[in-house]
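Chemist: My questions will all concern the structure given below.
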Amino acid sequence: MARLLTARIKLLVLQAMGFLIGLVGRAARVFGGPKFDSVTTRPVTEPLLLLSGVQLAKLIRQRKVKCIDVIQAYINRIMDVNPLINGIVKYRFEEAKKEAHAVDTKLAEKQEDDATLEKKWPFLGVPLTVKEAFQLKGMPNSSGLVNRRNIISQTDATVVAFLKEAGAIPLGITNCSELCMWYESSNKIYGRSNNPYDLRHIVGGSSGGEGCTLAAACSVIGVGSDIGGSIRMPAFFNGIFGHKPSPGVVSNNGQFPVARGAQELFQCTGPMCRYAEDLTPMLRVMAGDGVQKLKLDEKVHLKDLKFYWMEHDGGSILMSKVDQDLILAQKKVVTHLETMVGASVQHVKLKQMKYSFQIWVTMMSAKGHDGQDPVKFVDLFSDHGQPISPLWELIKWCLGRSTHTIPAIGLALLEEKLKYNNEKYNRFKAMEESLHKELVEMLGDDGVFLYPSHPTVAPQHHVPLTRPFNFAYTGIFNALGLPVTQCPLGLNDRGLPLGIQVVAGPFSDHLTLAVAQYLEKSFGGWVCPGKF
């Protein structure tokens, strides 16, 4: 009885903290933020902006399009749209144009045929943007932390180097939340990013600048990272594709913050893009030697797959109820797979999904295999090694004097409070192991699980402060270590993107990527903002 009472008290405390932070969010919505003449970005009129990275690379290789024309088309679009969405926070235009001219000069020499060029440089001349948390030589690498605003990358992160070696041309770096630990991309260095489908709404986080940049056709392929949904939430809110690979496949080297302890296993670097056909070739490049762990060359026949679906987490009181728009979109996918594909589709109820947030918190606080503790968020706050008091930062924030955002201050304050004692830790660790076993056995090597990407479509700015635990719809799959692809499913009646997560067993990324391509063909994929 006493144990039950204690659990209820802790749950009430969590709810109370969420409510108090939510009051700040509501106040910010009323008093803060710029006003816009239009709620969406302008539609695309340049045909080059409506081609996938794979298509662009082919046209450039075959000398049907000049690389400099592609790069210039994207620069023009960025100059037109980025002031509204604030997705790209540092341009790299002059370097990009020099690299584009170099590509055109090389191709003019006609020393290599198309097949050789494709093998060497699969993304030759393709515009690329990179989350600011990753090192891109010559560009800032602050992760939105004011104390790091003057840090300039001297080298490239591993995945950035791989993509550049594959021929991609970086146009700039994109916004993120402070220290990449919140699902609205806003910080005290670069400000806030806005959703191109409705500028009053969020882009998600922490790879939110990347999400809105791609959605607004300011780039075609991009790099994101994901420890609780930081690729998939922005991809969902902005109506694009995002893939969280199986753990250990893609290198995390060259990004800040650096994960440690068990977090190192749950943090995943992955591709973000507008067109599903770019996902697999991007992952192949980004994985390097890690690609050998996957089966990307294996042919997938959808009718032979076993599909499972679940429309919500089972009713956690910490999370919002799933929007009917999203449930209906998911049911359309289920019906389509049954009637048009002839696939086996089964509705399931995984009871432990209700505890997704608790499982994620438990796994993020675990020691690594080497015995290392995870990095403390409050330690990342430190000012050149000098500890910072989160409570003092909260007081300064109330006076308008803090250099930190309220979500970051809130997390630093609550970090220790959210940790569980040994009894709770062991309970939720056992729950994670049970859920992992259940899902892996259910999926096998030919199963796919359909699950909401988030309980709601992209909320308005600051609303995440009133719903701080909703990220658990994506975070649970980091804790479980499974590959996931977020797939767009058109727009709702308010013009905001719908979507769904496609989950597979460990190292069965090829299944989720194949389903993503099929859903794009069947449901339209990315929809250009401004056409609604």
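Residues in the structure tokens are named by chain (A, B, ... in the order shown) and by number from 1 within that chain; ligands are numbered from 1 in the order shown.
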Which residues are close to A:Gln486, i.e. within 7 Å by only C-alpha atoms, leaving aside same-chain residues fewer than 4 positions away? Reply as a ChimeraX atom specification.
Modeler: /A:232,235-236,241-243,453,499-502
Chemist: The selected residues should be written to file as a compact mmCIF listing (two decimals), in the first residue's frame (atoms: C-alpha atoms).
Modeler:
```
# COMPACT_ATOMS: atom_id res chain seq x y z
CA ARG A 232 11.73 11.40 -36.47
CA ALA A 235 10.61 14.66 -40.03
CA PHE A 236 7.01 14.06 -38.92
CA PHE A 241 11.32 11.16 -44.34
CA GLY A 242 13.71 10.45 -41.49
CA HIS A 243 15.44 7.23 -40.54
CA SER A 453 5.11 9.28 -34.78
CA GLY A 499 2.78 10.60 -40.73
CA ILE A 500 3.61 7.23 -39.21
CA GLN A 501 6.56 5.33 -37.77
CA VAL A 502 7.59 2.08 -39.45
```
Chemist: Show me a table, sorted first by chain and then by increasing residue number, of the residues of stretch 159-198 of chain A having an atom at most 9 Å from stretch 461-472 of chain A, each with its shortest atom pair and the distance in Å to one decimal, counting only C-alpha atoms and written as CSV.
Modeler:
```
residue,atom,partner,partner_atom,distance
A:Trp182,CA,A:Pro468,CA,8.7
A:Tyr183,CA,A:Pro464,CA,7.2
A:Glu184,CA,A:Pro464,CA,7.2
A:Asn194,CA,A:His461,CA,8.4
```
Chemist: Could you find all residues in stretch 18-171 of chain A that DSSP calls strand (DSSP E) from the backbone, and write them as an mmCIF file with C-alpha atoms, in the first residue's frame?
Modeler:
```cif
data_model
loop_
_atom_site.group_PDB
_atom_site.id
_atom_site.type_symbol
_atom_site.label_atom_id
_atom_site.label_comp_id
_atom_site.auth_asym_id
_atom_site.auth_seq_id
_atom_site.Cartn_x
_atom_site.Cartn_y
_atom_site.Cartn_z
ATOM 1 C CA ILE A 88 19.729 27.364 -41.969
ATOM 2 C CA VAL A 89 21.696 29.376 -39.411
ATOM 3 C CA LYS A 90 25.025 29.746 -41.239
ATOM 4 C CA TYR A 91 25.447 29.813 -45.013
ATOM 5 C CA PRO A 127 22.983 19.967 -52.180
ATOM 6 C CA LEU A 128 23.339 18.925 -48.537
ATOM 7 C CA THR A 129 22.555 20.586 -45.206
ATOM 8 C CA VAL A 130 23.902 19.484 -41.826
ATOM 9 C CA LYS A 131 22.564 19.833 -38.287
ATOM 10 C CA ILE A 169 27.967 19.814 -51.503
ATOM 11 C CA PRO A 170 27.068 21.369 -48.121
ATOM 12 C CA LEU A 171 25.093 24.618 -48.319
#
```
Chemist: Just give me the gap between atom CA of A:Ala329 and atom CA of A:Pro459 in Å, one decimal is fine.
Modeler: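 For atom CA of A:Ala329 relative to atom CA of A:Pro459, the distance reads 17.8 Å.
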Chemist: I need the residue nearest A:Asp379 from this list: A:Leu56, A:Val440, A:Leu411, A:Val291. Use only C-alpha atoms for the distance.
Modeler: A:Leu411
Chemist: Tell me which of A:Ala287, A:Ala115, A:Thr45, A:Ile359 sits closest to A:Lys429, counting only C-alpha atoms.
Modeler: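 Among the listed residues, the smallest separation from A:Lys429 belongs to A:Ile359.
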Chemist: Within 7 Å of A:Leu179, counting only C-alpha atoms, which residues show up once you throw out same-chain ones fewer than 4 positions away? Write them as a ChimeraX atom specification, please.
Modeler: /A:143-145,257
Chemist: Need the shell around stretch 292-305 of chain A: protein/DNA/RNA residues with any atom at most 8 Å away, counting only C-alpha atoms. Skip same-chain ones fewer than 5 positions apart. Format as a PyMOL selection string?
Modeler: chain A and resi 249+280+284+341-344+446-448+507-511+514-515
Chemist: So that I can check the surroundings of A:Phe357, please list as a ChimeraX atom specification every protein, DNA and RNA residue that reaches within 12 Å of it, counting only C-alpha atoms and ignoring chain neighbours fewer than 6 positions away.
Modeler: /A:11,14,228,313,316-319,363-364,418-419,428,431-432,468-479
Chemist: Got a sec: who's within 12 Å of A:Ala366, counting only C-alpha atoms, leaving out chain neighbours fewer than 3 positions off, as JSON, numbers by chain?
Modeler: {"A": [260, 261, 262, 263, 264, 265, 266, 359, 360, 361, 362, 363, 369, 370, 371, 372, 373, 374, 375, 376, 419, 420, 421, 422, 425, 426, 428, 429, 479]}
